[in-house]
Amino acid sequence: MSVVVDDRVIKRVEILSELSLSGEERAQAAEDMQRMLTYFDKLSAVDTEGISPLAYPGTNVGKLREDAVTNGDQKDEVLSNAPKTREDLFVVPRTI
Amino acid sequence: MAKALLSLSAAQLSERIRNKEIRITDVLDAVFETIQKREQELGAFITVDEKGAREQGDALQRRLDVGEDPGPLCGVPMAIKDNICVKGLPTTCGSRMLKEFVPTYDAEVIKRLREAGAIFIGKTNMDEFGMGSYGETSFFGACKNPLDLTKVAGGSSAGSAAAVAAGEAFLALGSDTGGSVRTPAAFCGIVGFKPSYGAVSRRGLVAYASSMDQIGPMAKNVEDAALLLQVIAGEDPMDATSRGLKESVWPIQNRCDLSGIRIGIPSGWLQDQLSGGMRQNLEQAAAALRDLGAAVETFDLGYEDLAVAAYYTIADAQCSSNLARFDGMKYGYRTQDPAASSDLHRMLKQSRSEGFGREVKRRIMLGGFVLSEGYYEAYYLRALKVCRLIREAFTRAFEHYDLLLGPVSGDVAPPLGASFLDNLKMYESDCYTVPANLAGLCALSLPFGANENGLPYGIQLLGDTGCEKGLLEVAALLEAAALPDGYQQAAYGEKGGDLNGECL
């Protein structure tokens, strides 16, 4: 699959990645991404008809455990990692 | 005294501490003296915790003194890669994003190590979030190779490898998503082991690419790697993909020879990328295995040329998802730009843009793209299908061979700055290591020979999923053939072994 990485693609990827790039970074990102996607194109030459994707190499994925709280009572330690807090709450910019 | 102490292996050290021939405080004196001497030039650690280590050491010594046995790693100073959570110690992942982050819990491997009596001396430098092959993309600066300060230590578990090679730690933990334990081990001349996917719990390991991440031992010799693996491996209800080891791996069962063992070398790994020196050492390793009685031959594995493309498609896709959690809200870096303080979305984007380095942003963006509408099937899904083909190729190979043999990298450690010259070239250098991660295999990096400047070559032994025991037995025999006088500690260039009563 041949993709041309232009400014429109990079802006879309910025939105998907929650990043904001400078003009210089954007140009470099386009060049880097174009090179990698061209490199990835070698995979399209492989016949994968009827092949199921291998999402995990393990065999026991999806085991369930009891849904029990084992690490409660750590409020102060958890809050101490926050960039900004007030009265045991995380403070973020106004949303509404 | 310090040199003699530091030349011991972890297994020897623990035994002598438990036999009360050595006091833990003397070991810690030697280790922190080395750190003080070497750390400024190496950059192996992001955090050194001497106070905490001394407290752990004192507590263990008190238990020993009243006749308790704190465990098989009693008093062994260990370095921990800085993407593995140790309660109360910063866990930065080599990133500005987590520069101030202090975990509120121990990773499962740390819990197991505490129960075995290990002492944590600090957290080691690494490529940012594990994204790099040479140990140079850390926000805190590059980690240098203790054998030659003009060369890279290898990545991403650069600091862990450098710390063990320099005598700053007896053992270390790394994590291996595409070679991040094996490559730095090879460049620094130590043993690095990537366990089979699921052998070791990933709980408390900051995720990069969840279907391939695996914590692994980094050690002076094969025996120490086996001991450390035995301690950290096991099923953990908090990691649904964990299943532990199929068989106990320590103590390593001594074999007289390798008669009946079949070893294959994928011919696709013997192409142009391999330097003359690496090729020669690989041939010598094959000859040594033959001398021990193994049958060694080359064979056509298939898909060798596709592994890097499949790996980076999958790894980047998964990292774009895993790193989406870093938003500067509940923890992690938040921009100080006043203009972003009143706009939630702007704050999020700006925090991420300032908090992540270039290589991380490059991979997040590429990963976001290959997962996006219209491209998911063409890139990500296709890469997962190729991953299945690669896994099937290994399944066929292991019907004929007990183990596979190959290089860890094409050559010895490259000069500092290699990460920033050509990113695709750096990715392609992972071609020998990523297949084991794609297929969930176990694989070990063993120092075998050196170039004219004394830089070590690393050879790789690969076993099928769950075949750790046999792999370690063969590696131990090959190690003995390569280093008949015992392991060599890189920074001191001395034989390991007897203290001859020097410090006792």
# chains A, B, ... in the order shown; residues from 1 in each chain; ligands from 1
$ select_by_dssp --residues "chain A" --states "alpha helix (DSSP H)" --output "PDB file with N, CA and C atoms, in the first residue's frame"
ATOM      1  N   ASP A   7       1.239  16.994   4.488  1.00  0.00           N
ATOM      2  CA  ASP A   7       0.906  17.770   5.676  1.00  0.00           C
ATOM      3  C   ASP A   7      -0.442  17.352   6.274  1.00  0.00           C
ATOM      4  N   ARG A   8      -1.363  16.980   5.397  1.00  0.00           N
ATOM      5  CA  ARG A   8      -2.696  16.561   5.853  1.00  0.00           C
ATOM      6  C   ARG A   8      -2.596  15.285   6.707  1.00  0.00           C
ATOM      7  N   VAL A   9      -1.768  14.347   6.254  1.00  0.00           N
ATOM      8  CA  VAL A   9      -1.581  13.090   7.004  1.00  0.00           C
ATOM      9  C   VAL A   9      -0.944  13.380   8.358  1.00  0.00           C
ATOM     10  N   ILE A  10       0.073  14.221   8.348  1.00  0.00           N
ATOM     11  CA  ILE A  10       0.763  14.517   9.611  1.00  0.00           C
ATOM     12  C   ILE A  10      -0.174  15.216  10.590  1.00  0.00           C
ATOM     13  N   LYS A  11      -0.982  16.128  10.111  1.00  0.00           N
ATOM     14  CA  LYS A  11      -1.914  16.818  11.010  1.00  0.00           C
ATOM     15  C   LYS A  11      -2.925  15.830  11.604  1.00  0.00           C
ATOM     16  N   ARG A  12      -3.338  14.867  10.790  1.00  0.00           N
ATOM     17  CA  ARG A  12      -4.274  13.849  11.284  1.00  0.00           C
ATOM     18  C   ARG A  12      -3.603  12.997  12.369  1.00  0.00           C
ATOM     19  N   VAL A  13      -2.346  12.657  12.107  1.00  0.00           N
ATOM     20  CA  VAL A  13      -1.604  11.839  13.074  1.00  0.00           C
ATOM     21  C   VAL A  13      -1.353  12.620  14.366  1.00  0.00           C
ATOM     22  N   GLU A  14      -1.141  13.897  14.239  1.00  0.00           N
ATOM     23  CA  GLU A  14      -0.978  14.733  15.447  1.00  0.00           C
ATOM     24  C   GLU A  14      -2.227  14.670  16.309  1.00  0.00           C
ATOM     25  N   ILE A  15      -3.368  14.714  15.673  1.00  0.00           N
ATOM     26  CA  ILE A  15      -4.632  14.646  16.423  1.00  0.00           C
ATOM     27  C   ILE A  15      -4.759  13.277  17.090  1.00  0.00           C
ATOM     28  N   LEU A  16      -4.469  12.224  16.333  1.00  0.00           N
ATOM     29  CA  LEU A  16      -4.574  10.856  16.880  1.00  0.00           C
ATOM     30  C   LEU A  16      -3.608  10.647  18.041  1.00  0.00           C
ATOM     31  N   SER A  17      -2.445  11.266  17.952  1.00  0.00           N
ATOM     32  CA  SER A  17      -1.393  11.038  18.948  1.00  0.00           C
ATOM     33  C   SER A  17      -1.441  12.044  20.084  1.00  0.00           C
ATOM     34  N   GLY A  23       6.580  23.551  13.078  1.00  0.00           N
ATOM     35  CA  GLY A  23       6.683  23.368  11.631  1.00  0.00           C
ATOM     36  C   GLY A  23       7.863  22.501  11.247  1.00  0.00           C
ATOM     37  N   GLU A  24       8.978  22.720  11.919  1.00  0.00           N
ATOM     38  CA  GLU A  24      10.187  21.952  11.625  1.00  0.00           C
ATOM     39  C   GLU A  24       9.995  20.481  11.998  1.00  0.00           C
ATOM     40  N   GLU A  25       9.391  20.271  13.170  1.00  0.00           N
ATOM     41  CA  GLU A  25       9.147  18.891  13.619  1.00  0.00           C
ATOM     42  C   GLU A  25       8.189  18.170  12.657  1.00  0.00           C
ATOM     43  N   ARG A  26       7.223  18.923  12.169  1.00  0.00           N
ATOM     44  CA  ARG A  26       6.229  18.337  11.267  1.00  0.00           C
ATOM     45  C   ARG A  26       6.889  17.865   9.968  1.00  0.00           C
ATOM     46  N   ALA A  27       7.776  18.677   9.448  1.00  0.00           N
ATOM     47  CA  ALA A  27       8.466  18.314   8.198  1.00  0.00           C
ATOM     48  C   ALA A  27       9.343  17.079   8.421  1.00  0.00           C
ATOM     49  N   GLN A  28      10.025  17.045   9.562  1.00  0.00           N
ATOM     50  CA  GLN A  28      10.878  15.895   9.869  1.00  0.00           C
ATOM     51  C   GLN A  28      10.032  14.639  10.071  1.00  0.00           C
ATOM     52  N   ALA A  29       8.893  14.817  10.756  1.00  0.00           N
ATOM     53  CA  ALA A  29       8.008  13.681  11.011  1.00  0.00           C
ATOM     54  C   ALA A  29       7.483  13.101   9.698  1.00  0.00           C
ATOM     55  N   ALA A  30       7.168  13.975   8.753  1.00  0.00           N
ATOM     56  CA  ALA A  30       6.660  13.508   7.456  1.00  0.00           C
ATOM     57  C   ALA A  30       7.723  12.686   6.736  1.00  0.00           C
ATOM     58  N   GLU A  31       8.943  13.188   6.783  1.00  0.00           N
ATOM     59  CA  GLU A  31      10.044  12.477   6.123  1.00  0.00           C
ATOM     60  C   GLU A  31      10.272  11.107   6.781  1.00  0.00           C
ATOM     61  N   ASP A  32      10.311  11.108   8.118  1.00  0.00           N
ATOM     62  CA  ASP A  32      10.537   9.856   8.864  1.00  0.00           C
ATOM     63  C   ASP A  32       9.423   8.849   8.576  1.00  0.00           C
ATOM     64  N   MET A  33       8.181   9.344   8.623  1.00  0.00           N
ATOM     65  CA  MET A  33       7.044   8.426   8.456  1.00  0.00           C
ATOM     66  C   MET A  33       6.986   7.871   7.036  1.00  0.00           C
ATOM     67  N   GLN A  34       7.281   8.725   6.069  1.00  0.00           N
ATOM     68  CA  GLN A  34       7.281   8.269   4.677  1.00  0.00           C
ATOM     69  C   GLN A  34       8.291   7.130   4.496  1.00  0.00           C
ATOM     70  N   ARG A  35       9.450   7.323   5.082  1.00  0.00           N
ATOM     71  CA  ARG A  35      10.524   6.325   4.943  1.00  0.00           C
ATOM     72  C   ARG A  35      10.091   5.000   5.585  1.00  0.00           C
ATOM     73  N   MET A  36       9.489   5.082   6.753  1.00  0.00           N
ATOM     74  CA  MET A  36       9.101   3.855   7.458  1.00  0.00           C
ATOM     75  C   MET A  36       7.944   3.146   6.748  1.00  0.00           C
ATOM     76  N   LEU A  37       6.968   3.921   6.272  1.00  0.00           N
ATOM     77  CA  LEU A  37       5.841   3.272   5.599  1.00  0.00           C
ATOM     78  C   LEU A  37       6.291   2.601   4.300  1.00  0.00           C
ATOM     79  N   THR A  38       7.241   3.215   3.628  1.00  0.00           N
ATOM     80  CA  THR A  38       7.807   2.586   2.418  1.00  0.00           C
ATOM     81  C   THR A  38       8.508   1.283   2.809  1.00  0.00           C
ATOM     82  N   TYR A  39       9.211   1.327   3.940  1.00  0.00           N
ATOM     83  CA  TYR A  39       9.894   0.119   4.427  1.00  0.00           C
ATOM     84  C   TYR A  39       8.873  -0.974   4.785  1.00  0.00           C
ATOM     85  N   PHE A  40       7.784  -0.564   5.442  1.00  0.00           N
ATOM     86  CA  PHE A  40       6.750  -1.538   5.830  1.00  0.00           C
ATOM     87  C   PHE A  40       6.076  -2.173   4.618  1.00  0.00           C
ATOM     88  N   LYS A  75      -4.196   6.890  49.207  1.00  0.00           N
ATOM     89  CA  LYS A  75      -4.630   8.173  48.660  1.00  0.00           C
ATOM     90  C   LYS A  75      -3.491   9.204  48.620  1.00  0.00           C
ATOM     91  N   ASP A  76      -2.812   9.352  49.749  1.00  0.00           N
ATOM     92  CA  ASP A  76      -1.790  10.398  49.815  1.00  0.00           C
ATOM     93  C   ASP A  76      -0.634  10.112  48.854  1.00  0.00           C
ATOM     94  N   GLU A  77      -0.220   8.827  48.787  1.00  0.00           N
ATOM     95  CA  GLU A  77       0.887   8.477  47.882  1.00  0.00           C
ATOM     96  C   GLU A  77       0.496   8.715  46.422  1.00  0.00           C
ATOM     97  N   VAL A  78      -0.742   8.358  46.109  1.00  0.00           N
ATOM     98  CA  VAL A  78      -1.194   8.540  44.721  1.00  0.00           C
ATOM     99  C   VAL A  78      -1.266  10.025  44.383  1.00  0.00           C
ATOM    100  N   LEU A  79      -1.835  10.803  45.283  1.00  0.00           N
ATOM    101  CA  LEU A  79      -1.968  12.243  45.026  1.00  0.00           C
ATOM    102  C   LEU A  79      -0.616  12.949  44.947  1.00  0.00           C
ATOM    103  N   SER A  80       0.379  12.390  45.655  1.00  0.00           N
ATOM    104  CA  SER A  80       1.687  13.055  45.662  1.00  0.00           C
ATOM    105  C   SER A  80       2.345  13.012  44.278  1.00  0.00           C
TER     106      SER A  80
END
$ residues_around --residues "Arg54 in chain B" --least-positions-apart "6" --cutoff "9 Å" --atoms "only C-alpha atoms" --output "PDB file with N, CA, C and O atoms, in the first residue's frame"
ATOM      1  N   ILE B  24      27.522  -8.172  54.681  1.00  0.00           N
ATOM      2  CA  ILE B  24      26.846  -7.416  53.618  1.00  0.00           C
ATOM      3  C   ILE B  24      27.383  -5.989  53.535  1.00  0.00           C
ATOM      4  O   ILE B  24      27.531  -5.429  52.444  1.00  0.00           O
ATOM      5  N   THR B  25      27.686  -5.424  54.663  1.00  0.00           N
ATOM      6  CA  THR B  25      28.169  -4.028  54.645  1.00  0.00           C
ATOM      7  C   THR B  25      29.467  -3.888  53.844  1.00  0.00           C
ATOM      8  O   THR B  25      29.684  -2.885  53.157  1.00  0.00           O
ATOM      9  N   LEU B  28      28.482  -3.827  50.176  1.00  0.00           N
ATOM     10  CA  LEU B  28      27.919  -2.531  49.789  1.00  0.00           C
ATOM     11  C   LEU B  28      29.002  -1.448  49.735  1.00  0.00           C
ATOM     12  O   LEU B  28      28.971  -0.574  48.866  1.00  0.00           O
ATOM     13  N   ILE B 119      19.227  -6.893  47.268  1.00  0.00           N
ATOM     14  CA  ILE B 119      19.300  -5.496  47.708  1.00  0.00           C
ATOM     15  C   ILE B 119      19.261  -4.596  46.466  1.00  0.00           C
ATOM     16  O   ILE B 119      20.054  -4.774  45.542  1.00  0.00           O
ATOM     17  N   ILE B 121      20.058  -1.314  44.659  1.00  0.00           N
ATOM     18  CA  ILE B 121      20.987  -0.197  44.850  1.00  0.00           C
ATOM     19  C   ILE B 121      20.618   1.009  43.993  1.00  0.00           C
ATOM     20  O   ILE B 121      21.122   2.098  44.224  1.00  0.00           O
TER      21      ILE B 121
END
$ interface_residues --of "chain A" --to "chain B" --cutoff "7 Å" --atoms "only C-alpha atoms" --output "PyMOL selection string"
chain A and resi 1+13-14+16-20+29+33+39-40+43+48+51-58+60-65+77-78+81-83+90+92-95
$ write_last_selection --atoms "N, CA, C and O atoms" --output "short mmCIF file (atom, residue, chain, number, x, y, z; two decimals), in the first residue's frame"
data_model
loop_
_atom_site.label_atom_id
_atom_site.label_comp_id
_atom_site.auth_asym_id
_atom_site.auth_seq_id
_atom_site.Cartn_x
_atom_site.Cartn_y
_atom_site.Cartn_z
N MET A 1 0.85 -1.20 0.00
CA MET A 1 0.00 0.00 0.00
C MET A 1 0.88 1.24 0.00
O MET A 1 1.68 1.44 0.89
N VAL A 13 -2.35 12.66 12.11
CA VAL A 13 -1.60 11.84 13.07
C VAL A 13 -1.35 12.62 14.37
O VAL A 13 -1.41 12.06 15.46
N GLU A 14 -1.14 13.90 14.24
CA GLU A 14 -0.98 14.73 15.45
C GLU A 14 -2.23 14.67 16.31
O GLU A 14 -2.14 14.58 17.54
N LEU A 16 -4.47 12.22 16.33
CA LEU A 16 -4.57 10.86 16.88
C LEU A 16 -3.61 10.65 18.04
O LEU A 16 -3.91 9.93 19.00
N SER A 17 -2.45 11.27 17.95
CA SER A 17 -1.39 11.04 18.95
C SER A 17 -1.44 12.04 20.08
O SER A 17 -0.62 11.96 21.00
N GLU A 18 -2.35 13.00 20.02
CA GLU A 18 -2.43 14.07 21.03
C GLU A 18 -1.09 14.77 21.19
O GLU A 18 -0.54 14.89 22.28
N LEU A 19 -0.52 15.18 20.06
CA LEU A 19 0.75 15.90 20.07
C LEU A 19 0.57 17.20 19.28
O LEU A 19 -0.30 17.27 18.38
N SER A 20 1.36 18.20 19.60
CA SER A 20 1.38 19.40 18.75
C SER A 20 2.83 19.66 18.35
O SER A 20 3.69 19.85 19.21
N ALA A 29 8.89 14.82 10.76
CA ALA A 29 8.01 13.68 11.01
C ALA A 29 7.48 13.10 9.70
O ALA A 29 7.38 11.88 9.54
N MET A 33 8.18 9.34 8.62
CA MET A 33 7.04 8.43 8.46
C MET A 33 6.99 7.87 7.04
O MET A 33 6.71 6.69 6.83
N TYR A 39 9.21 1.33 3.94
CA TYR A 39 9.89 0.12 4.43
C TYR A 39 8.87 -0.97 4.79
O TYR A 39 9.06 -2.15 4.48
N PHE A 40 7.78 -0.56 5.44
CA PHE A 40 6.75 -1.54 5.83
C PHE A 40 6.08 -2.17 4.62
O PHE A 40 5.45 -3.24 4.73
N LEU A 43 5.97 -5.89 3.63
CA LEU A 43 5.03 -6.87 4.19
C LEU A 43 3.89 -7.15 3.24
O LEU A 43 3.28 -8.23 3.27
N THR A 48 -0.85 -13.43 2.68
CA THR A 48 -1.38 -13.71 4.02
C THR A 48 -2.84 -14.20 3.94
O THR A 48 -3.55 -14.19 4.94
N ILE A 51 -4.48 -16.53 6.64
CA ILE A 51 -3.64 -16.55 7.85
C ILE A 51 -4.32 -15.74 8.95
O ILE A 51 -4.72 -14.60 8.72
N SER A 52 -4.44 -16.31 10.13
CA SER A 52 -5.06 -15.54 11.23
C SER A 52 -3.97 -14.73 11.94
O SER A 52 -2.85 -15.20 12.11
N PRO A 53 -4.30 -13.52 12.34
CA PRO A 53 -3.29 -12.68 13.02
C PRO A 53 -2.88 -13.27 14.35
O PRO A 53 -3.70 -13.88 15.05
N LEU A 54 -1.61 -13.10 14.71
CA LEU A 54 -1.12 -13.56 16.01
C LEU A 54 -0.99 -12.34 16.93
O LEU A 54 -0.02 -11.60 16.86
N ALA A 55 -2.01 -12.15 17.76
CA ALA A 55 -2.03 -10.95 18.61
C ALA A 55 -1.12 -11.11 19.81
O ALA A 55 -0.50 -10.14 20.27
N TYR A 56 -1.03 -12.31 20.36
CA TYR A 56 -0.17 -12.60 21.52
C TYR A 56 0.52 -13.93 21.28
O TYR A 56 -0.13 -14.88 20.86
N PRO A 57 1.81 -14.04 21.57
CA PRO A 57 2.47 -15.33 21.35
C PRO A 57 2.18 -16.34 22.45
O PRO A 57 2.51 -17.51 22.33
N GLY A 58 1.54 -15.90 23.54
CA GLY A 58 1.26 -16.83 24.64
C GLY A 58 0.04 -17.69 24.35
O GLY A 58 -0.66 -17.48 23.37
N ASN A 60 -2.12 -18.67 27.08
CA ASN A 60 -3.10 -18.61 28.16
C ASN A 60 -3.60 -17.18 28.39
O ASN A 60 -3.81 -16.75 29.51
N VAL A 61 -3.77 -16.45 27.30
CA VAL A 61 -4.24 -15.08 27.42
C VAL A 61 -5.72 -15.07 27.81
O VAL A 61 -6.50 -15.86 27.32
N GLY A 62 -6.07 -14.19 28.71
CA GLY A 62 -7.48 -14.02 29.03
C GLY A 62 -7.94 -14.71 30.29
O GLY A 62 -9.14 -14.83 30.53
N LYS A 63 -6.99 -15.18 31.10
CA LYS A 63 -7.39 -15.78 32.38
C LYS A 63 -7.99 -14.69 33.27
O LYS A 63 -7.46 -13.58 33.33
N LEU A 64 -9.03 -15.01 33.97
CA LEU A 64 -9.66 -14.02 34.83
C LEU A 64 -9.27 -14.24 36.28
O LEU A 64 -8.95 -15.35 36.69
N ARG A 65 -9.32 -13.19 37.06
CA ARG A 65 -9.09 -13.29 38.50
C ARG A 65 -10.25 -12.60 39.21
O ARG A 65 -11.01 -11.85 38.59
N GLU A 77 -0.22 8.83 48.79
CA GLU A 77 0.89 8.48 47.88
C GLU A 77 0.50 8.71 46.42
O GLU A 77 1.29 9.20 45.63
N VAL A 78 -0.74 8.36 46.11
CA VAL A 78 -1.19 8.54 44.72
C VAL A 78 -1.27 10.02 44.38
O VAL A 78 -0.78 10.47 43.34
N ASN A 81 1.89 12.15 43.40
CA ASN A 81 2.43 12.10 42.04
C ASN A 81 1.76 13.10 41.09
O ASN A 81 2.21 13.27 39.96
N ALA A 82 0.69 13.71 41.54
CA ALA A 82 -0.07 14.59 40.63
C ALA A 82 0.62 15.93 40.46
O ALA A 82 1.18 16.48 41.42
N PRO A 83 0.58 16.49 39.25
CA PRO A 83 1.19 17.81 39.03
C PRO A 83 0.51 18.89 39.86
O PRO A 83 1.16 19.82 40.33
N PHE A 90 -7.54 15.92 42.04
CA PHE A 90 -6.64 16.32 40.97
C PHE A 90 -7.17 17.61 40.35
O PHE A 90 -8.36 17.70 40.06
N VAL A 92 -7.29 20.10 37.19
CA VAL A 92 -7.02 20.23 35.75
C VAL A 92 -7.72 21.50 35.26
O VAL A 92 -8.57 22.05 35.97
N PRO A 93 -7.35 21.98 34.07
CA PRO A 93 -8.03 23.17 33.56
C PRO A 93 -9.54 22.96 33.44
O PRO A 93 -10.01 21.83 33.25
N ARG A 94 -10.24 24.04 33.52
CA ARG A 94 -11.71 24.00 33.46
C ARG A 94 -12.16 23.30 32.17
O ARG A 94 -11.62 23.55 31.09
N THR A 95 -13.16 22.44 32.30
CA THR A 95 -13.63 21.71 31.10
C THR A 95 -15.02 22.15 30.67
O THR A 95 -15.44 21.84 29.56
#
$ closest_residue --among "B:Ser248, B:Gln36, B:Thr183, B:Thr298" --to "Glu468 in chain B" --atoms "only C-alpha atoms"
B:Ser248
